[in-house]
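Pasting start.tsv here (TSV, C-alpha atoms):
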chain	number	residue	atom	x	y	z
A	24	MET	CA	3.21	-76.35	-28.44
A	25	LEU	CA	2.44	-74.18	-25.36
A	26	ARG	CA	3.24	-75.41	-21.85
A	27	HIS	CA	0.45	-75.41	-19.21
A	28	SER	CA	1.70	-72.21	-17.52
A	29	GLU	CA	1.96	-70.46	-20.88
A	30	LYS	CA	-1.58	-71.58	-21.79
A	31	THR	CA	-2.89	-70.24	-18.51
A	32	SER	CA	-1.05	-66.94	-18.98
A	33	TYR	CA	-2.31	-66.72	-22.58
A	34	LEU	CA	-5.89	-67.45	-21.59
A	35	CYS	CA	-5.82	-65.04	-18.63
A	36	THR	CA	-4.29	-62.15	-20.50
A	37	PRO	CA	-7.56	-60.61	-21.84
A	38	VAL	CA	-9.21	-61.05	-18.44
A	39	CYS	CA	-6.25	-59.53	-16.62
A	40	GLN	CA	-6.13	-56.66	-19.05
A	41	GLN	CA	-9.84	-56.05	-18.60
A	42	SER	CA	-9.43	-56.18	-14.79
A	43	ALA	CA	-6.49	-53.76	-14.89
A	44	ALA	CA	-8.43	-51.39	-17.14
A	45	GLY	CA	-11.37	-51.55	-14.73
A	46	SER	CA	-9.11	-50.80	-11.75
A	47	LYS	CA	-7.58	-47.81	-13.57
A	48	ALA	CA	-11.04	-46.50	-14.41
A	49	THR	CA	-12.13	-46.89	-10.77
A	50	ILE	CA	-9.03	-45.08	-9.49
A	51	HIS	CA	-9.52	-42.33	-12.08
A	52	THR	CA	-13.18	-41.94	-11.03
A	53	SER	CA	-12.19	-41.81	-7.34
A	54	ILE	CA	-9.57	-39.11	-8.03
A	55	GLU	CA	-12.07	-37.08	-10.04
A	56	THR	CA	-14.65	-37.42	-7.22
A	57	MET	CA	-12.10	-36.27	-4.65
A	58	LYS	CA	-11.14	-33.31	-6.86
A	59	ASN	CA	-14.80	-32.36	-7.28
A	60	LYS	CA	-15.40	-32.58	-3.53
A	61	ALA	CA	-12.34	-30.44	-2.82
A	62	LEU	CA	-13.43	-27.87	-5.44
A	63	ILE	CA	-16.94	-27.70	-3.97
A	64	ALA	CA	-15.47	-27.34	-0.46
A	65	HIS	CA	-13.15	-24.50	-1.54
A	66	LEU	CA	-15.95	-22.69	-3.38
A	67	SER	CA	-18.22	-23.14	-0.35
A	68	MET	CA	-15.70	-21.65	2.07
A	69	PHE	CA	-14.92	-18.77	-0.28
A	70	GLY	CA	-18.63	-18.11	-0.82
A	71	ALA	CA	-19.36	-18.14	2.92
A	72	CYS	CA	-16.49	-15.81	3.83
A	73	ALA	CA	-17.16	-13.46	0.91
A	74	GLY	CA	-20.83	-13.39	1.92
A	75	TRP	CA	-19.89	-12.53	5.51
A	76	GLY	CA	-17.50	-9.88	4.23
A	77	LEU	CA	-20.33	-8.20	2.32
A	78	MET	CA	-22.66	-8.60	5.30
A	79	ALA	CA	-20.72	-6.05	7.39
A	80	PRO	CA	-21.14	-3.03	5.03
A	81	ILE	CA	-24.63	-4.11	3.91
A	82	GLY	CA	-25.79	-4.61	7.50
A	83	LYS	CA	-24.20	-1.31	8.50
A	84	ASP	CA	-26.04	0.51	5.71
A	85	ALA	CA	-29.35	-1.03	6.81
A	86	MET	CA	-28.69	0.08	10.39
A	87	THR	CA	-28.28	3.68	9.27
A	88	HIS	CA	-31.49	3.68	7.18
A	89	GLY	CA	-34.33	2.51	9.39
A	90	PHE	CA	-33.04	-0.44	11.40
A	91	ASP	CA	-30.93	-0.46	14.56
A	92	GLY	CA	-28.71	-3.13	16.13
A	93	ILE	CA	-31.41	-4.72	18.31
A	94	THR	CA	-33.92	-4.91	15.47
A	95	MET	CA	-31.33	-6.34	13.07
A	96	VAL	CA	-30.17	-9.10	15.41
A	97	THR	CA	-33.79	-10.05	16.20
A	98	PHE	CA	-34.63	-10.38	12.51
A	99	ARG	CA	-31.40	-12.24	11.89
A	100	VAL	CA	-31.96	-14.85	14.62
A	101	ALA	CA	-35.72	-15.31	14.14
A	102	GLY	CA	-35.45	-15.29	10.34
A	103	ALA	CA	-32.65	-17.86	10.28
A	104	CYS	CA	-34.59	-20.00	12.76
A	105	LEU	CA	-37.54	-20.13	10.36
A	106	LEU	CA	-35.31	-20.93	7.37
A	107	PHE	CA	-33.46	-23.75	9.16
A	108	TRP	CA	-36.72	-25.35	10.29
A	109	ILE	CA	-38.04	-25.27	6.72
A	110	ALA	CA	-34.75	-26.68	5.37
A	111	SER	CA	-34.73	-29.43	8.01
A	112	LEU	CA	-37.98	-30.81	6.54
A	113	PHE	CA	-35.99	-31.82	3.43
A	114	ALA	CA	-32.88	-33.06	5.29
A	115	LYS	CA	-32.15	-36.36	7.01
A	116	ARG	CA	-34.07	-36.54	10.27
A	117	GLU	CA	-31.92	-37.16	13.35
A	118	HIS	CA	-32.98	-38.25	16.80
A	119	VAL	CA	-31.87	-35.75	19.43
A	120	PRO	CA	-32.18	-36.91	23.07
A	121	MET	CA	-33.55	-34.44	25.63
A	122	LYS	CA	-30.12	-34.12	27.25
A	123	ASP	CA	-28.66	-32.76	24.01
A	124	LYS	CA	-31.66	-30.52	23.37
A	125	LEU	CA	-31.01	-28.89	26.74
A	126	GLN	CA	-27.29	-28.58	25.97
A	127	PHE	CA	-28.25	-26.59	22.88
A	128	ILE	CA	-29.50	-23.87	25.27
A	129	GLY	CA	-25.94	-23.15	26.39
A	130	ALA	CA	-24.68	-23.46	22.81
A	131	ALA	CA	-27.31	-20.95	21.64
A	132	LEU	CA	-26.44	-18.55	24.47
A	133	PHE	CA	-22.72	-18.32	23.63
A	134	GLY	CA	-22.75	-19.21	19.93
A	135	LEU	CA	-25.69	-17.03	18.88
A	136	VAL	CA	-27.21	-14.71	21.48
A	137	CYS	CA	-23.98	-13.26	22.94
A	138	ASN	CA	-22.08	-13.60	19.68
A	139	GLN	CA	-24.63	-12.10	17.30
A	140	CYS	CA	-25.99	-9.48	19.72
A	141	CYS	CA	-22.52	-8.13	20.49
A	142	TYR	CA	-21.37	-8.26	16.86
A	143	THR	CA	-24.51	-6.71	15.34
A	144	ILE	CA	-24.88	-3.97	17.95
A	145	GLY	CA	-21.12	-3.34	17.78
A	146	LEU	CA	-21.34	-3.07	13.98
A	147	SER	CA	-24.13	-0.50	14.34
A	148	ILE	CA	-21.74	1.69	16.40
A	149	THR	CA	-18.33	1.15	14.77
A	150	SER	CA	-17.18	0.96	11.14
A	151	PRO	CA	-17.68	-2.20	9.03
A	152	ILE	CA	-13.92	-2.21	8.37
A	153	ASN	CA	-13.11	-2.42	12.10
A	154	ALA	CA	-15.82	-5.03	12.69
A	155	SER	CA	-14.47	-7.29	9.93
A	156	ILE	CA	-10.84	-6.96	11.09
A	157	VAL	CA	-11.80	-7.82	14.68
A	158	THR	CA	-13.69	-10.89	13.41
A	159	THR	CA	-10.42	-12.50	12.29
A	160	SER	CA	-9.22	-12.62	15.92
A	161	MET	CA	-11.48	-15.58	16.79
A	162	PRO	CA	-8.78	-18.30	16.34
A	163	ILE	CA	-6.63	-16.47	18.91
A	164	PHE	CA	-9.42	-16.61	21.51
A	165	ALA	CA	-10.06	-20.24	20.55
A	166	MET	CA	-6.40	-21.09	21.22
A	167	LEU	CA	-6.40	-19.36	24.64
A	168	LEU	CA	-9.62	-21.08	25.70
A	169	ALA	CA	-8.37	-24.44	24.40
A	170	ALA	CA	-5.30	-24.02	26.60
A	171	LEU	CA	-7.46	-23.25	29.66
A	172	ILE	CA	-10.33	-25.69	29.10
A	173	LEU	CA	-8.90	-28.49	26.91
A	174	LYS	CA	-5.33	-28.24	28.31
A	175	GLU	CA	-3.81	-27.68	24.88
A	176	PRO	CA	-0.07	-26.84	25.09
A	177	ILE	CA	1.00	-23.21	24.60
A	178	THR	CA	4.01	-23.14	22.29
A	179	GLY	CA	6.34	-20.24	21.56
A	180	LYS	CA	4.74	-19.78	18.14
A	181	LYS	CA	1.27	-19.59	19.72
A	182	THR	CA	2.46	-17.07	22.31
A	183	LEU	CA	3.99	-14.86	19.62
A	184	GLY	CA	0.80	-15.16	17.57
A	185	VAL	CA	-1.36	-14.08	20.51
A	186	LEU	CA	0.90	-11.11	21.26
A	187	MET	CA	0.83	-9.97	17.62
A	188	GLY	CA	-2.92	-10.40	17.38
A	189	CYS	CA	-3.52	-8.51	20.61
A	190	SER	CA	-1.19	-5.73	19.43
A	191	GLY	CA	-3.17	-5.43	16.20
A	192	ALA	CA	-6.46	-5.28	18.10
A	193	LEU	CA	-5.00	-2.67	20.46
A	194	ILE	CA	-3.88	-0.50	17.50
A	195	LEU	CA	-7.39	-0.76	16.07
A	196	ILE	CA	-9.02	0.17	19.38
A	197	MET	CA	-6.65	3.11	19.93
A	198	THR	CA	-7.42	4.39	16.42
A	199	SER	CA	-11.15	4.24	17.22
A	200	ALA	CA	-10.64	5.95	20.58
A	201	VAL	CA	-8.81	8.85	18.92
A	202	HIS	CA	-11.25	9.40	16.05
A	203	ALA	CA	-14.60	8.25	17.57
A	204	ASP	CA	-16.17	8.29	14.10
A	205	ASN	CA	-18.48	5.57	12.76
A	206	LYS	CA	-16.58	5.66	9.44
A	207	VAL	CA	-13.20	5.22	11.15
A	208	GLY	CA	-14.29	3.27	14.21
A	209	ASP	CA	-15.77	3.52	17.68
A	210	LEU	CA	-14.19	2.11	20.83
A	211	ARG	CA	-17.49	0.72	22.19
A	212	GLY	CA	-18.32	-1.01	18.92
A	213	ASP	CA	-14.83	-2.48	18.58
A	214	LEU	CA	-14.98	-3.93	22.10
A	215	LEU	CA	-18.44	-5.40	21.48
A	216	CYS	CA	-17.23	-7.06	18.25
A	217	LEU	CA	-14.17	-8.34	20.12
A	218	PHE	CA	-16.34	-9.85	22.86
A	219	ALA	CA	-18.48	-11.47	20.15
A	220	GLN	CA	-15.41	-13.40	18.95
A	221	PHE	CA	-14.57	-14.42	22.51
A	222	SER	CA	-18.13	-15.68	22.98
A	223	PHE	CA	-18.03	-17.76	19.79
A	224	ALA	CA	-14.62	-19.20	20.71
A	225	LEU	CA	-16.04	-20.17	24.12
A	226	TYR	CA	-18.97	-21.86	22.35
A	227	LEU	CA	-16.57	-23.91	20.19
A	228	SER	CA	-14.47	-24.94	23.21
A	229	LEU	CA	-17.42	-25.98	25.39
A	230	PHE	CA	-19.79	-27.50	22.83
A	231	ASN	CA	-17.49	-28.95	20.15
A	232	PRO	CA	-18.41	-32.59	20.96
A	233	LEU	CA	-22.12	-31.71	20.79
A	234	ILE	CA	-22.01	-29.98	17.40
A	235	LYS	CA	-19.98	-32.84	15.88
A	236	ARG	CA	-22.82	-35.30	16.57
A	237	TYR	CA	-25.40	-33.76	14.25
A	238	ASN	CA	-25.76	-32.25	10.79
A	239	VAL	CA	-25.90	-28.52	10.10
A	240	PHE	CA	-29.71	-28.37	9.91
A	241	THR	CA	-30.28	-30.22	13.19
A	242	ILE	CA	-27.70	-28.11	15.03
A	243	ASN	CA	-28.94	-24.79	13.77
A	244	LYS	CA	-32.67	-25.38	14.02
A	245	TYR	CA	-32.29	-26.11	17.74
A	246	MET	CA	-29.72	-23.40	18.40
A	247	PHE	CA	-31.66	-20.71	16.55
A	248	SER	CA	-34.90	-21.86	18.22
A	249	TRP	CA	-33.45	-21.43	21.70
A	250	ALA	CA	-31.83	-18.12	20.70
A	251	THR	CA	-35.18	-16.84	19.38
A	252	LEU	CA	-36.92	-17.83	22.61
A	253	MET	CA	-34.26	-15.95	24.60
A	254	LEU	CA	-34.33	-12.81	22.44
A	255	LEU	CA	-37.94	-12.24	21.43
A	256	PRO	CA	-39.40	-11.61	24.92
A	257	LEU	CA	-36.74	-8.91	25.46
A	258	THR	CA	-36.79	-7.26	22.03
A	259	ILE	CA	-40.29	-7.71	20.55
A	260	GLY	CA	-41.60	-4.41	21.95
A	261	HIS	CA	-38.64	-2.43	20.62
A	262	VAL	CA	-38.74	-4.17	17.24
A	263	SER	CA	-42.48	-3.49	16.87
A	264	SER	CA	-41.97	0.22	17.45
A	265	VAL	CA	-39.08	0.37	14.92
A	266	VAL	CA	-40.89	-1.46	12.08
A	267	SER	CA	-44.06	0.57	12.64
A	268	HIS	CA	-42.26	3.55	11.05
A	269	PRO	CA	-41.70	3.78	7.27
A	270	ILE	CA	-38.58	1.84	6.24
A	271	PRO	CA	-37.06	2.12	2.73
A	272	ALA	CA	-37.37	-0.91	0.40
A	273	ARG	CA	-33.57	-0.93	0.05
A	274	THR	CA	-33.23	-1.52	3.81
A	275	TRP	CA	-35.58	-4.51	3.66
A	276	TRP	CA	-33.51	-6.01	0.84
A	277	GLU	CA	-30.36	-5.50	2.91
A	278	VAL	CA	-32.00	-7.20	5.91
A	279	ALA	CA	-33.03	-10.09	3.63
A	280	TYR	CA	-29.38	-10.44	2.55
A	281	VAL	CA	-28.15	-10.51	6.17
A	282	VAL	CA	-30.70	-13.19	7.11
A	283	GLY	CA	-30.76	-15.33	3.96
A	284	ILE	CA	-27.20	-15.09	2.61
A	285	GLY	CA	-25.07	-13.86	5.51
A	286	THR	CA	-26.62	-16.17	8.10
A	287	PHE	CA	-28.59	-19.11	6.63
A	288	LEU	CA	-26.53	-19.82	3.50
A	289	GLY	CA	-23.26	-18.80	5.17
A	290	TYR	CA	-23.66	-21.40	7.93
A	291	ILE	CA	-24.50	-24.15	5.41
A	292	LEU	CA	-21.57	-23.37	3.10
A	293	THR	CA	-19.16	-23.29	6.05
A	294	MET	CA	-20.22	-26.76	7.18
A	295	ILE	CA	-19.77	-28.12	3.63
A	296	GLY	CA	-16.24	-26.71	3.50
A	297	GLN	CA	-15.25	-27.88	6.98
A	298	ARG	CA	-16.23	-31.49	6.25
A	299	THR	CA	-13.68	-31.82	3.42
A	300	LEU	CA	-10.91	-29.29	4.06
A	301	ARG	CA	-8.29	-29.41	6.82
A	302	PRO	CA	-8.70	-26.86	9.65
A	303	THR	CA	-5.51	-25.06	8.56
A	304	VAL	CA	-6.95	-24.63	5.05
A	305	VAL	CA	-10.29	-23.45	6.43
A	306	SER	CA	-8.50	-20.87	8.59
A	307	VAL	CA	-6.91	-19.31	5.48
A	308	TYR	CA	-10.37	-18.30	4.25
A	309	ASN	CA	-10.71	-16.27	7.45
A	310	TYR	CA	-8.75	-13.55	5.64
A	311	VAL	CA	-11.27	-13.28	2.78
A	312	GLN	CA	-13.90	-11.64	4.98
A	313	PRO	CA	-12.04	-8.41	5.90
A	314	ILE	CA	-10.65	-8.01	2.38
A	315	VAL	CA	-14.16	-8.13	0.88
A	316	SER	CA	-15.56	-5.97	3.68
A	317	VAL	CA	-12.91	-3.26	3.32
A	318	ALA	CA	-13.33	-3.12	-0.47
A	319	ALA	CA	-17.14	-2.95	-0.25
A	320	SER	CA	-17.07	-0.36	2.56
A	321	LEU	CA	-14.78	1.93	0.60
A	322	LEU	CA	-16.88	1.58	-2.56
A	323	MET	CA	-20.09	2.29	-0.63
A	324	GLY	CA	-18.49	5.29	1.11
A	325	ILE	CA	-19.30	4.04	4.61
A	326	GLY	CA	-15.73	3.32	5.73
A	327	VAL	CA	-12.36	5.09	5.85
A	328	LEU	CA	-9.07	3.17	5.68
A	329	LYS	CA	-6.30	4.74	7.78
A	330	PRO	CA	-2.62	3.69	7.78
A	331	THR	CA	-3.15	2.35	11.31
A	332	HIS	CA	-5.88	0.05	9.94
A	333	ALA	CA	-3.36	-1.44	7.51
A	334	LEU	CA	-0.87	-1.98	10.36
A	335	ALA	CA	-3.59	-3.58	12.50
A	336	VAL	CA	-4.53	-5.92	9.64
A	337	VAL	CA	-0.91	-7.08	9.24
A	338	MET	CA	-0.54	-7.67	12.99
A	339	VAL	CA	-3.84	-9.53	13.41
A	340	PHE	CA	-3.40	-11.60	10.24
A	341	SER	CA	0.15	-12.56	11.24
A	342	GLY	CA	-0.98	-13.48	14.75
A	343	VAL	CA	-3.82	-15.66	13.47
A	344	TRP	CA	-1.49	-17.34	10.95
A	345	LEU	CA	1.02	-18.22	13.69
A	346	VAL	CA	-1.71	-19.59	15.96
A	347	THR	CA	-3.32	-21.74	13.26
A	348	LYS	CA	0.07	-23.07	12.10
A	349	SER	CA	1.08	-24.14	15.62
A	350	LYS	CA	0.86	-27.79	16.58
A	351	SER	CA	-2.01	-29.04	18.74
A	352	ARG	CA	-1.60	-31.54	21.59
A	353	HIS	CA	-2.69	-34.33	19.20
A	354	ASP	CA	-0.03	-33.32	16.65
A	355	ILE	CA	2.70	-33.20	19.31
A	356	GLU	CA	1.76	-36.65	20.71
A	357	LYS	CA	1.57	-38.08	17.19
A	358	SER	CA	5.08	-36.87	16.32
A	359	LYS	CA	6.63	-38.57	19.39

Can you give me the file's structure in the form of structure tokens?
Amino acid sequence: MLRHSEKTSYLCTPVCQQSAAGSKATIHTSIETMKNKALIAHLSMFGACAGWGLMAPIGKDAMTHGFDGITMVTFRVAGACLLFWIASLFAKREHVPMKDKLQFIGAALFGLVCNQCCYTIGLSITSPINASIVTTSMPIFAMLLAALILKEPITGKKTLGVLMGCSGALILIMTSAVHADNKVGDLRGDLLCLFAQFSFALYLSLFNPLIKRYNVFTINKYMFSWATLMLLPLTIGHVSSVVSHPIPARTWWEVAYVVGIGTFLGYILTMIGQRTLRPTVVSVYNYVQPIVSVAASLLMGIGVLKPTHALAVVMVFSGVWLVTKSKSRHDIEKSK
């Protein structure tokens, strides 16, 4: 005859087993969901950076067959503005107070107008290889500005990273100064692309709290709207005169890629990746862009890779790696 405790255990066994099986299934489902999210995030970041890598040689080719830097950046900003407004109609609607709408003016100035004007016009002058290598320097500028504005500590690793990155940029600029060839590089274009990275880093330092409050469609529809309002009055006359001349169909397809894939889709994929992956993981994908850009430029015959380019890549990549691996103020306080 069973005792009371044994009866209870006997009676509960099927229920307990069913509960345990349910818990295991839930855990398994949660793990699978997390894996799927991580996979989507990785694919999104790779897609965005690969798309940006292709944008440099494709944009460069368009700007040598009918378009120029001013026309390209106008189409890029105005076209992306239209696409983000259309996409926002299908996204969750967010209330944006007037104070934040006005703050988006400053965000658009540094994050889009200065950044994209300098980069696109710089790309039209220099080689796509140089432009893509310079693009990887943004985390270095972000670290310097974070130290000045957000009072982030400057560690020895960060200092070494900045020095290596600056050395790589200097090698690149000196190579351009010696050759002055749009296949090898041009000093003016390199400096414009470098300033573009500084401008975007300044945007991240000043407006990071603002851009964290809203989704990608809300942020970009307002930023691109303000950027379009700033640019169009200054460029519409020039753009009208450029597009009035015959432009090859291939150039229009290249412009469509820059606007639709390189800008609109690239921004969306980046936000998807950044929401799941750690910043250090996201920063690794920064290296995909120049690799894709160099390969595409060489295949298209619009870029020349010199030994000094390879040295500059090693220096800049190493500098960025050291900066992104350094501890932030939050990490240092947390470890105490």

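Atom pair CA of Ala279 (chain A) / CA of Ile148 (chain A) has a distance of 20.7 Å (rounded to one decimal).
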
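Relative to CA of Thr143 (chain A), CA of Met253 (chain A) is found at 16.3 Å.
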
Task: Among listed residues A:Leu193, A:Ala114, A:Leu300, A:Leu132, nearest Leu229 (chain A) (using all atoms listed in the file) - done: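 Smallest separation from Leu229 (chain A) among the options: A:Leu132.
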
Task: Interatomic distance, CA of Phe223 (chain A) to CA of Ala130 (chain A) (Å, one decimal) - done: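 Taking CA of Phe223 (chain A) and CA of Ala130 (chain A), their separation equals 9.3 Å.
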
- [ ] For Met95 (chain A), work out the shell of residues within 12 Å, counting all atoms listed in the file and skipping chain neighbours fewer than 3 positions away, then give it as a VMD selection string.
- [x] chain A and resid 78 81 to 92 98 to 103 139 to 147 254 258 to 259 261 to 262 265 to 266 274 to 275 277 to 282 286

- [ ] Find the residues around Met68 (chain A) up to 12 Å (all atoms listed in the file counted), leave out those fewer than 4 positions away in its own chain, and share them as a VMD selection string.
- [x] chain A and resid 61 to 64 72 to 75 288 to 302 304 to 312

Open item on the list: List the spatial neighbours of Gly342 (chain A) as a list in words - criterion: any atom at most 6 Å away, all atoms listed in the file, same-chain residues fewer than 2 positions off excluded.
Closed with: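 My list of contacting residues is Gly184, Val185, Met187, Gly188, Val339, Phe340, Trp344 and Leu345 of chain A.
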
- [ ] Write out as a count of residues only each polymer residue whose atoms come within 12 Å of Arg236 (chain A), counting all atoms listed in the file; drop sequence neighbours fewer than 3 positions from it.
- [x] 13

TODO: Considering only C-alpha atoms, state which residue in the set A:Ile234, A:Pro80, A:Gln126, A:Ser341 is at the smallest distance from Ile163 (chain A).
DONE: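 Closest candidate: A:Ser341.
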
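Of the listed residues (A:Met121, A:Leu252, A:Ala131, A:Val336), A:Val336 comes nearest to Thr158 (chain A); the distances count only C-alpha atoms.
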
- [ ] May I ask which of the residues A:Asn138, A:Phe287, A:Pro256, A:Met338 is the closest one to Leu183 (chain A), counting all atoms listed in the file?
- [x]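 That would be A:Met338, the residue with the smallest distance to Leu183 (chain A).
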
Mind rebuilding region 138-150 of chain A with N, CA, C and O atoms and writing that out as a PDB file, in the frame of the given file?
ATOM      1  N   ASN A 138     -22.897 -13.861  20.867  1.00  0.00           N
ATOM      2  CA  ASN A 138     -22.080 -13.600  19.680  1.00  0.00           C
ATOM      3  C   ASN A 138     -22.755 -12.623  18.725  1.00  0.00           C
ATOM      4  O   ASN A 138     -22.183 -11.593  18.355  1.00  0.00           O
ATOM      5  N   GLN A 139     -23.972 -12.924  18.320  1.00  0.00           N
ATOM      6  CA  GLN A 139     -24.630 -12.100  17.300  1.00  0.00           C
ATOM      7  C   GLN A 139     -25.123 -10.766  17.861  1.00  0.00           C
ATOM      8  O   GLN A 139     -25.104  -9.759  17.148  1.00  0.00           O
ATOM      9  N   CYS A 140     -25.569 -10.750  19.118  1.00  0.00           N
ATOM     10  CA  CYS A 140     -25.990  -9.480  19.720  1.00  0.00           C
ATOM     11  C   CYS A 140     -24.812  -8.510  19.809  1.00  0.00           C
ATOM     12  O   CYS A 140     -24.918  -7.346  19.404  1.00  0.00           O
ATOM     13  N   CYS A 141     -23.705  -9.005  20.328  1.00  0.00           N
ATOM     14  CA  CYS A 141     -22.520  -8.130  20.490  1.00  0.00           C
ATOM     15  C   CYS A 141     -21.985  -7.686  19.140  1.00  0.00           C
ATOM     16  O   CYS A 141     -21.651  -6.512  18.948  1.00  0.00           O
ATOM     17  N   TYR A 142     -21.917  -8.621  18.177  1.00  0.00           N
ATOM     18  CA  TYR A 142     -21.370  -8.260  16.860  1.00  0.00           C
ATOM     19  C   TYR A 142     -22.285  -7.268  16.144  1.00  0.00           C
ATOM     20  O   TYR A 142     -21.812  -6.244  15.615  1.00  0.00           O
ATOM     21  N   THR A 143     -23.581  -7.555  16.103  1.00  0.00           N
ATOM     22  CA  THR A 143     -24.510  -6.710  15.340  1.00  0.00           C
ATOM     23  C   THR A 143     -24.649  -5.328  15.961  1.00  0.00           C
ATOM     24  O   THR A 143     -24.625  -4.312  15.253  1.00  0.00           O
ATOM     25  N   ILE A 144     -24.771  -5.274  17.287  1.00  0.00           N
ATOM     26  CA  ILE A 144     -24.880  -3.970  17.950  1.00  0.00           C
ATOM     27  C   ILE A 144     -23.548  -3.223  17.849  1.00  0.00           C
ATOM     28  O   ILE A 144     -23.513  -2.007  17.643  1.00  0.00           O
ATOM     29  N   GLY A 145     -22.436  -3.967  17.953  1.00  0.00           N
ATOM     30  CA  GLY A 145     -21.120  -3.340  17.780  1.00  0.00           C
ATOM     31  C   GLY A 145     -20.943  -2.777  16.387  1.00  0.00           C
ATOM     32  O   GLY A 145     -20.419  -1.670  16.210  1.00  0.00           O
ATOM     33  N   LEU A 146     -21.414  -3.528  15.369  1.00  0.00           N
ATOM     34  CA  LEU A 146     -21.340  -3.070  13.980  1.00  0.00           C
ATOM     35  C   LEU A 146     -22.160  -1.794  13.772  1.00  0.00           C
ATOM     36  O   LEU A 146     -21.765  -0.910  13.003  1.00  0.00           O
ATOM     37  N   SER A 147     -23.282  -1.696  14.486  1.00  0.00           N
ATOM     38  CA  SER A 147     -24.130  -0.500  14.340  1.00  0.00           C
ATOM     39  C   SER A 147     -23.444   0.749  14.895  1.00  0.00           C
ATOM     40  O   SER A 147     -23.800   1.869  14.540  1.00  0.00           O
ATOM     41  N   ILE A 148     -22.437   0.556  15.764  1.00  0.00           N
ATOM     42  CA  ILE A 148     -21.740   1.690  16.400  1.00  0.00           C
ATOM     43  C   ILE A 148     -20.423   2.004  15.691  1.00  0.00           C
ATOM     44  O   ILE A 148     -20.085   3.148  15.445  1.00  0.00           O
ATOM     45  N   THR A 149     -19.660   0.950  15.363  1.00  0.00           N
ATOM     46  CA  THR A 149     -18.330   1.150  14.770  1.00  0.00           C
ATOM     47  C   THR A 149     -18.388   1.038  13.258  1.00  0.00           C
ATOM     48  O   THR A 149     -19.468   0.912  12.667  1.00  0.00           O
ATOM     49  N   SER A 150     -17.224   1.053  12.610  1.00  0.00           N
ATOM     50  CA  SER A 150     -17.180   0.960  11.140  1.00  0.00           C
ATOM     51  C   SER A 150     -17.179  -0.512  10.719  1.00  0.00           C
ATOM     52  O   SER A 150     -16.698  -1.380  11.449  1.00  0.00           O
TER      53      SER A 150
END
